[in-house]
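Structure file entry08.tsv (TSV, C-alpha atoms) follows.
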```tsv
chain	number	residue	atom	x	y	z
E	1	MET	CA	5.25	32.61	-1.85
E	2	SER	CA	7.63	30.46	0.13
E	3	SER	CA	11.36	30.36	0.64
E	4	ALA	CA	13.68	27.77	2.11
E	5	GLN	CA	15.72	28.38	5.23
E	6	GLN	CA	17.34	25.21	6.56
E	7	THR	CA	17.11	21.52	5.81
E	8	GLY	CA	18.66	18.55	7.51
E	9	THR	CA	18.79	14.88	6.68
E	10	SER	CA	20.86	11.87	7.56
E	11	ALA	CA	21.04	8.64	5.60
E	12	GLN	CA	22.75	5.56	7.02
E	13	ILE	CA	23.16	1.90	6.17
E	14	PHE	CA	20.17	1.52	8.45
E	15	ALA	CA	18.11	4.22	10.11
E	16	SER	CA	18.69	4.50	13.85
E	17	ILE	CA	17.87	6.59	16.89
E	18	ARG	CA	19.48	7.16	20.27
E	19	ALA	CA	18.27	4.45	22.65
E	20	SER	CA	17.90	6.92	25.52
E	21	VAL	CA	14.92	8.52	23.74
E	22	LEU	CA	12.90	5.48	24.90
E	23	LEU	CA	13.53	6.09	28.62
E	24	PRO	CA	10.42	8.27	29.29
E	25	LEU	CA	8.25	5.73	27.46
E	26	ILE	CA	9.65	2.81	29.44
E	27	GLU	CA	9.14	4.66	32.73
E	28	GLN	CA	5.51	5.33	31.76
E	29	ILE	CA	4.90	1.65	30.94
E	30	ASP	CA	6.49	0.65	34.25
E	31	ARG	CA	4.06	2.88	36.12
E	32	LYS	CA	0.97	1.74	34.22
E	33	SER	CA	1.55	-1.98	33.59
E	34	GLY	CA	4.97	-3.16	34.76
E	35	LYS	CA	5.51	-4.81	31.34
E	36	ALA	CA	8.35	-2.66	30.09
E	37	ASP	CA	11.02	-5.37	30.22
E	38	VAL	CA	8.74	-7.80	28.40
E	39	LEU	CA	8.11	-5.22	25.67
E	40	LEU	CA	11.84	-4.53	25.26
E	41	ALA	CA	12.63	-8.24	25.13
E	42	LEU	CA	10.05	-8.79	22.40
E	43	HIS	CA	12.01	-6.33	20.28
E	44	GLY	CA	15.45	-7.70	21.17
E	45	LEU	CA	16.49	-4.93	23.56
E	46	LEU	CA	17.67	-4.76	27.16
E	47	ARG	CA	16.93	-1.99	29.64
E	48	SER	CA	20.67	-1.49	30.15
E	49	GLN	CA	20.99	-0.34	26.53
E	50	LEU	CA	18.86	2.70	27.31
E	51	ASP	CA	21.30	3.96	29.96
E	52	ASP	CA	24.02	4.73	27.42
E	53	PRO	CA	23.33	8.27	26.11
E	54	TYR	CA	25.21	7.51	22.88
E	55	ALA	CA	23.90	4.00	22.13
E	56	MET	CA	21.86	3.69	18.93
E	57	ILE	CA	19.02	1.28	18.13
E	58	PRO	CA	17.37	0.53	14.76
E	59	MET	CA	14.57	2.97	13.93
E	60	ASN	CA	12.18	0.16	13.02
E	61	ARG	CA	12.42	-1.26	16.54
E	62	TYR	CA	11.87	2.16	18.10
E	63	VAL	CA	8.75	2.80	15.99
E	64	ALA	CA	7.36	-0.68	16.69
E	65	ILE	CA	7.98	-0.40	20.43
E	66	PHE	CA	6.15	2.92	20.55
E	67	GLU	CA	3.15	1.52	18.67
E	68	ASP	CA	3.04	-1.60	20.89
E	69	ALA	CA	3.29	0.56	24.00
E	70	ALA	CA	0.09	2.38	23.05
E	71	SER	CA	-1.69	-0.98	22.94
E	72	ILE	CA	-0.18	-2.20	26.22
E	73	VAL	CA	-1.26	0.87	28.21
E	74	GLY	CA	-4.53	1.21	26.29
E	75	ASP	CA	-3.92	4.85	25.36
E	76	PRO	CA	-3.64	5.81	21.66
E	77	THR	CA	-2.38	9.28	22.64
E	78	ILE	CA	0.56	8.10	24.75
E	79	GLY	CA	3.07	9.54	22.28
E	80	ALA	CA	1.57	13.02	22.35
E	81	LEU	CA	1.17	12.93	26.13
E	82	LEU	CA	4.80	11.94	26.61
E	83	GLY	CA	5.77	14.79	24.32
E	84	THR	CA	4.27	17.28	26.79
E	85	LEU	CA	6.83	16.09	29.39
E	86	PHE	CA	9.78	16.67	27.08
E	87	LYS	CA	12.78	18.69	28.33
E	88	PRO	CA	15.62	20.27	26.32
E	89	SER	CA	18.12	18.01	28.08
E	90	ASP	CA	16.32	14.92	26.72
E	91	ILE	CA	18.09	15.43	23.37
E	92	GLY	CA	21.41	16.52	24.86
E	93	PRO	CA	23.38	19.46	23.45
E	94	ILE	CA	20.95	20.07	20.59
E	95	GLY	CA	18.20	20.67	23.16
E	96	VAL	CA	20.40	23.06	25.11
E	97	LEU	CA	21.27	24.89	21.88
E	98	PHE	CA	17.54	25.22	21.14
E	99	SER	CA	16.96	26.60	24.64
E	100	ILE	CA	19.53	29.41	24.31
E	101	SER	CA	18.39	30.50	20.84
E	102	SER	CA	17.29	34.12	20.57
E	103	THR	CA	14.22	33.37	18.44
E	104	ILE	CA	11.87	30.46	17.73
E	105	ARG	CA	13.04	30.59	14.10
E	106	THR	CA	16.66	30.08	15.12
E	107	GLY	CA	15.68	27.25	17.45
E	108	PHE	CA	13.86	25.33	14.71
E	109	GLU	CA	16.60	26.01	12.16
E	110	ARG	CA	19.10	24.45	14.54
E	111	LEU	CA	16.78	21.54	15.29
E	112	ALA	CA	16.49	20.81	11.55
E	113	LYS	CA	20.21	21.19	10.97
E	114	TYR	CA	21.31	18.88	13.76
E	115	VAL	CA	18.50	16.32	13.91
E	116	ASN	CA	20.94	13.65	12.75
E	117	THR	CA	22.75	13.76	16.09
E	118	VAL	CA	19.64	12.18	17.64
E	119	GLN	CA	18.32	10.01	14.81
E	120	SER	CA	19.04	9.15	11.20
E	121	GLY	CA	16.79	8.29	8.28
E	122	THR	CA	14.84	11.48	8.93
E	123	ASN	CA	13.73	14.45	6.84
E	124	SER	CA	13.56	17.69	8.79
E	125	GLY	CA	13.49	21.20	7.41
E	126	VAL	CA	12.36	24.78	7.89
E	127	PHE	CA	10.81	27.01	5.24
E	128	GLN	CA	8.54	30.03	4.89
E	129	GLU	CA	4.99	29.87	3.55
E	130	ASP	CA	2.73	32.91	3.32
E	131	GLY	CA	5.08	34.69	5.71
E	132	ASN	CA	4.82	32.00	8.38
E	133	LEU	CA	7.56	29.62	9.48
E	134	VAL	CA	6.97	25.92	8.80
E	135	TRP	CA	8.96	23.15	10.49
E	136	SER	CA	8.64	19.78	8.74
E	137	TYR	CA	9.44	16.29	10.09
E	138	ARG	CA	9.10	12.85	8.49
E	139	LEU	CA	10.82	9.46	8.70
E	140	ASP	CA	12.35	8.53	5.35
E	141	ASP	CA	11.34	4.88	5.12
E	142	PRO	CA	7.67	4.44	4.08
E	143	ARG	CA	7.82	0.86	5.37
E	144	LEU	CA	7.99	2.19	8.93
E	145	TRP	CA	4.22	2.24	9.31
E	146	PRO	CA	2.11	2.73	11.35
E	147	ARG	CA	4.10	5.41	13.13
E	148	ARG	CA	1.45	7.63	14.65
E	149	GLN	CA	3.12	7.55	18.07
E	150	ASP	CA	6.48	8.80	16.81
E	151	SER	CA	4.84	11.60	14.80
E	152	GLU	CA	2.65	12.81	17.65
E	153	PHE	CA	5.44	12.50	20.20
E	154	THR	CA	7.87	14.47	18.04
E	155	LEU	CA	5.45	17.31	17.30
E	156	ALA	CA	4.19	17.50	20.89
E	157	ALA	CA	7.79	17.48	22.17
E	158	SER	CA	8.71	20.26	19.72
E	159	CYS	CA	5.78	22.38	20.88
E	160	GLN	CA	6.80	21.72	24.47
E	161	LEU	CA	10.35	22.88	23.67
E	162	VAL	CA	8.95	26.19	22.40
E	163	ARG	CA	6.73	26.61	25.45
E	164	ALA	CA	9.51	25.73	27.88
E	165	CYS	CA	12.19	27.85	26.21
E	166	PHE	CA	10.26	30.82	24.79
E	167	ALA	CA	6.63	31.33	25.84
E	168	ARG	CA	4.56	29.02	28.06
E	169	GLY	CA	1.28	30.07	26.44
E	170	TRP	CA	2.51	29.78	22.84
E	171	ARG	CA	0.20	28.29	20.19
E	172	PRO	CA	1.04	27.16	16.65
E	173	VAL	CA	-0.94	28.48	13.68
E	174	GLU	CA	-1.57	24.88	12.54
E	175	VAL	CA	-0.27	21.38	13.18
E	176	HIS	CA	-0.14	18.79	10.37
E	177	PHE	CA	0.10	14.99	10.65
E	178	GLU	CA	0.79	12.44	7.93
E	179	HIS	CA	-1.49	9.79	9.50
E	180	ARG	CA	-5.26	9.74	9.26
E	181	ALA	CA	-7.41	11.53	11.85
E	182	PRO	CA	-8.09	9.52	15.04
E	183	ARG	CA	-11.65	8.80	16.11
E	184	ASP	CA	-11.34	11.21	19.01
E	185	PRO	CA	-8.90	14.12	18.51
E	186	THR	CA	-9.87	15.83	21.80
E	187	THR	CA	-6.59	15.07	23.59
E	188	LEU	CA	-4.52	16.25	20.64
E	189	GLN	CA	-6.54	19.46	20.39
E	190	ARG	CA	-5.95	20.10	24.09
E	191	ILE	CA	-2.21	19.50	23.75
E	192	PHE	CA	-1.53	21.53	20.61
E	193	ARG	CA	-4.16	24.29	21.10
E	194	ALA	CA	-4.29	24.81	17.34
E	195	PRO	CA	-6.17	23.61	14.24
E	196	LEU	CA	-5.10	20.08	13.31
E	197	LYS	CA	-4.81	18.68	9.77
E	198	PHE	CA	-4.38	14.97	9.02
E	199	GLY	CA	-3.37	12.91	6.00
E	200	GLU	CA	-0.64	15.39	5.01
E	201	SER	CA	2.58	14.60	3.12
E	202	ALA	CA	4.65	15.20	6.29
E	203	ASN	CA	4.29	16.21	9.92
E	204	ARG	CA	4.56	19.98	10.31
E	205	ILE	CA	4.26	22.81	12.83
E	206	VAL	CA	3.30	26.23	11.44
E	207	VAL	CA	4.59	29.20	13.46
E	208	SER	CA	3.27	32.71	12.87
E	209	ALA	CA	5.73	35.18	11.37
E	210	GLU	CA	5.43	37.41	14.43
E	211	ASP	CA	6.20	34.59	16.87
E	212	ALA	CA	9.03	33.25	14.71
E	213	ARG	CA	10.98	36.51	14.56
E	214	ARG	CA	10.34	37.83	18.09
E	215	VAL	CA	13.59	38.14	20.07
E	216	TYR	CA	13.24	36.47	23.47
E	217	ARG	CA	16.82	36.71	24.71
E	218	GLN	CA	20.34	37.76	23.84
E	219	GLU	CA	22.38	34.75	22.81
E	220	GLN	CA	25.73	33.85	24.35
E	221	PRO	CA	27.89	33.42	21.22
E	222	ASP	CA	30.69	31.58	23.01
E	223	LEU	CA	28.30	29.03	24.54
E	224	ALA	CA	26.50	28.52	21.22
E	225	ALA	CA	29.84	27.97	19.45
E	226	VAL	CA	30.92	25.34	22.00
E	227	LEU	CA	27.60	23.51	21.70
E	228	GLU	CA	27.65	23.59	17.90
E	229	ARG	CA	31.22	22.23	17.89
E	230	HIS	CA	30.19	19.37	20.19
E	231	ILE	CA	27.09	18.63	18.10
E	232	ALA	CA	29.18	18.67	14.90
E	233	ASP	CA	31.57	16.15	16.47
E	234	LEU	CA	28.66	13.87	17.32
E	235	SER	CA	27.22	14.29	13.84
E	236	GLY	CA	30.53	13.41	12.26
E	237	LYS	CA	30.47	10.01	13.97
E	238	LEU	CA	27.34	9.04	12.05
E	239	LEU	CA	27.75	7.42	8.65
E	240	GLN	CA	26.10	9.99	6.41
E	241	SER	CA	25.34	9.80	2.72
E	242	ASP	CA	26.68	12.17	0.09
E	243	SER	CA	24.17	10.85	-2.44
E	244	THR	CA	22.49	13.57	-4.45
E	245	VAL	CA	19.45	11.30	-4.73
E	246	ASP	CA	19.17	11.15	-0.92
E	247	HIS	CA	19.36	14.93	-0.64
E	248	VAL	CA	16.73	15.46	-3.34
E	249	ARG	CA	14.39	12.91	-1.75
E	250	SER	CA	14.79	14.76	1.53
E	251	LEU	CA	13.81	18.09	-0.01
E	252	ILE	CA	10.83	16.52	-1.79
E	253	GLY	CA	9.61	15.18	1.55
E	254	ILE	CA	9.91	18.57	3.20
E	255	TYR	CA	8.26	20.68	0.50
E	256	LEU	CA	5.71	18.43	-1.23
E	257	GLY	CA	2.29	20.09	-1.24
E	258	HIS	CA	3.66	23.33	0.18
E	259	LYS	CA	6.25	24.65	-2.26
E	260	PRO	CA	6.82	24.18	-6.01
E	261	ILE	CA	9.54	21.55	-6.51
E	262	THR	CA	11.65	22.37	-9.56
E	263	LEU	CA	15.13	21.54	-10.79
E	264	VAL	CA	16.13	25.20	-10.49
E	265	GLY	CA	14.78	25.52	-6.95
E	266	LEU	CA	16.43	22.32	-5.72
E	267	SER	CA	19.74	23.19	-7.36
E	268	GLN	CA	19.77	26.46	-5.41
E	269	GLU	CA	19.12	24.54	-2.19
E	270	LEU	CA	22.03	22.20	-2.90
E	271	SER	CA	24.38	24.94	-4.17
E	272	LEU	CA	24.59	23.32	-7.59
E	273	SER	CA	23.75	24.47	-11.09
E	274	PRO	CA	20.57	22.95	-12.56
E	275	ARG	CA	22.67	21.19	-15.20
E	276	THR	CA	24.99	19.68	-12.57
E	277	LEU	CA	22.06	18.48	-10.46
E	278	GLN	CA	20.43	16.92	-13.52
E	279	ARG	CA	23.70	15.22	-14.48
E	280	ARG	CA	24.28	13.80	-11.00
E	281	LEU	CA	20.77	12.39	-10.83
E	282	SER	CA	21.26	10.86	-14.27
E	283	GLU	CA	24.54	9.27	-13.18
E	284	GLN	CA	22.65	7.65	-10.30
E	285	GLY	CA	20.07	6.28	-12.73
E	286	THR	CA	17.17	8.59	-12.01
E	287	SER	CA	15.71	12.08	-12.52
E	288	LEU	CA	13.73	14.63	-10.55
E	289	ARG	CA	10.56	13.50	-12.35
E	290	ASP	CA	11.20	9.86	-11.34
E	291	LEU	CA	11.92	10.76	-7.71
E	292	MET	CA	8.78	12.91	-7.53
E	293	ARG	CA	6.71	10.07	-8.98
E	294	GLN	CA	8.15	7.51	-6.58
E	295	TYR	CA	7.55	9.75	-3.57
E	296	ARG	CA	3.99	10.53	-4.61
E	297	GLN	CA	3.28	6.86	-5.21
E	298	SER	CA	4.51	5.95	-1.72
E	299	ILE	CA	2.33	8.66	-0.13
E	300	LEU	CA	-0.68	7.60	-2.19
E	301	ALA	CA	-0.22	3.95	-1.19
E	302	LEU	CA	0.01	4.83	2.50
E	303	GLN	CA	-3.03	7.11	2.47
E	304	ARG	CA	-5.23	4.63	0.60
E	305	GLN	CA	-4.03	1.76	2.78
E	306	ASN	CA	-5.07	3.57	5.94
E	307	GLY	CA	-8.69	4.33	5.15
E	308	ALA	CA	-10.91	6.27	2.80
E	309	VAL	CA	-9.48	9.53	1.57
E	310	ARG	CA	-11.02	12.29	-0.52
E	311	MET	CA	-9.19	12.63	-3.83
E	312	LYS	CA	-9.41	16.42	-3.71
E	313	GLU	CA	-7.55	16.50	-0.38
E	314	LEU	CA	-5.04	13.91	-1.55
E	315	ALA	CA	-4.31	15.90	-4.71
E	316	GLN	CA	-3.43	18.91	-2.57
E	317	VAL	CA	-1.18	16.82	-0.30
E	318	LEU	CA	0.67	15.45	-3.35
E	319	GLY	CA	1.15	18.89	-4.86
E	320	TYR	CA	-1.30	18.55	-7.77
E	321	ALA	CA	-3.60	21.34	-8.97
E	322	ASP	CA	-6.74	19.22	-8.53
E	323	GLU	CA	-8.06	15.64	-8.47
E	324	THR	CA	-8.22	15.51	-12.29
E	325	VAL	CA	-4.46	15.98	-12.55
E	326	LEU	CA	-3.97	13.31	-9.88
E	327	TRP	CA	-6.27	10.93	-11.78
E	328	ARG	CA	-4.25	11.43	-14.97
E	329	ALA	CA	-0.99	10.85	-13.08
E	330	ARG	CA	-2.31	7.59	-11.62
E	331	LYS	CA	-3.38	6.39	-15.08
E	332	HIS	CA	0.10	7.19	-16.36
E	333	TRP	CA	1.71	5.24	-13.49
E	334	GLU	CA	-0.51	2.23	-14.24
E	335	ARG	CA	0.59	2.24	-17.89
E	336	MET	CA	4.29	2.46	-17.09
E	337	PRO	CA	4.93	-1.24	-16.20
E	338	GLN	CA	3.15	-2.37	-19.36
E	339	ALA	CA	5.13	0.07	-21.49
E	340	ALA	CA	8.37	-1.18	-19.94
E	341	ASN	CA	7.43	-4.81	-20.61
E	342	ASN	CA	6.61	-4.01	-24.25
E	343	ALA	CA	9.94	-2.25	-24.69
E	344	ALA	CA	11.81	-5.21	-23.21
E	345	ALA	CA	10.05	-7.57	-25.61
E	346	ASP	CA	11.04	-5.57	-28.72
E	347	PRO	CA	13.89	-7.14	-30.75
```

Represent the structure contained in this file as structure tokens.
Amino acid sequence: MSSAQQTGTSAQIFASIRASVLLPLIEQIDRKSGKADVLLALHGLLRSQLDDPYAMIPMNRYVAIFEDAASIVGDPTIGALLGTLFKPSDIGPIGVLFSISSTIRTGFERLAKYVNTVQSGTNSGVFQEDGNLVWSYRLDDPRLWPRRQDSEFTLAASCQLVRACFARGWRPVEVHFEHRAPRDPTTLQRIFRAPLKFGESANRIVVSAEDARRVYRQEQPDLAAVLERHIADLSGKLLQSDSTVDHVRSLIGIYLGHKPITLVGLSQELSLSPRTLQRRLSEQGTSLRDLMRQYRQSILALQRQNGAVRMKELAQVLGYADETVLWRARKHWERMPQAANNAAADP
């Protein structure tokens, strides 16, 4: 039913993002309230840091600044609105590489592959589902919450990239968000021009098979090669993780609720045998079952923390057959700490 195409992830000592990404937000706050410098100071940043195209700032500060900005300007859709102003040059060579791609599929595959040149601590991937192309995006750290503004900005900016580089009137098949539905989704509906789904396991854009494979231009191989070499050099400067656990967590985040997650399937993604993947996870003190449980628990905690949620919908998001299976899983999780305590107490 679905097949993987490209995945990208970057794990660092701490998740970070290029400081220059904040420039459009700061300019907007300047125009509306004049409190941009105060906002930056509250989060330990100076405006001068944003002028360096290669300077990095902690992801938690970026997310918090974006959320605070929505409160300062009194507009909960500021992230999505800023995304509509996005230009390929705003993310440097990766944006230019997207703009010269022959197809939308190729553009998103490159975006997923090289996302770590712009920010780390991020899951991004491309896969097929029912013939359509699905691009998935999610910040790794569940503690970075709320993060509505980052999610809506990123998806709106990605749609804007497609419209600017391929077809101005393009519309996604669907757009998915991990946060709960806002009280008034009118602005988001106007921006995305597609059905919106909320409370999902990741943020996703679904592209029709026809749109994804349509050839819009002939690529310039020499230019693409130069850009990819430059992007690879930038990527190499980031401290990346070779941890099998990190890679598996990344794939779980991309596929959960949309594609069966099995040891065989993941081993193919990572170019390993199932036995080797199982052994490496064991050496790092875990298993695929444990990682799946931990990821589902983090999603469940976030969804329940942020308002009422229908168990049937949540079961689907978490990749369970129905709410009964989810209920049984939750009961099992609740028994686990007690079982561990009993085992520790045994002589």

Got a sec: who's within 12 Å of Leu272 in chain E, counting all atoms listed in the file, leaving out chain neighbours fewer than 6 positions off, as a ChimeraX atom specification?
-> /E:244,248,263-266,278-280

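Candidate residues E:Ala315, E:Ile78, E:Ala15, E:Ala69 were compared for distance to Val38 in chain E, and the nearest is E:Ala69, using all atoms listed in the file.
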
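With CA of Asn116 in chain E on one side and CA of Glu210 in chain E on the other, the separation reads 28.4 Å.
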
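Taking CA of Ala194 in chain E and CA of Leu82 in chain E as the two end points, the separation is 18.3 Å.
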
Between E:Ser71, E:Thr77, E:Ser124, E:Ser102, which one has atoms that come closest to Pro182 in chain E, using only C-alpha atoms?
-> E:Thr77

Compare E:Ser89, E:Ser250, E:Thr186, E:Thr106 by their minimum atom-to-atom distance to Ala164 in chain E, counting all atoms listed in the file, and give me the closest one.
-> E:Ser89

All residues 12 Å or closer to Ala19 in chain E, all atoms listed in the file, same chain fewer than 5 positions away omitted, as a PyMOL selection string = chain E and resi 24-26+40+45-59+61-63+65+90-91+118-119

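The space separating CA of Ser273 in chain E from CA of Leu288 in chain E comes to 14.1 Å.
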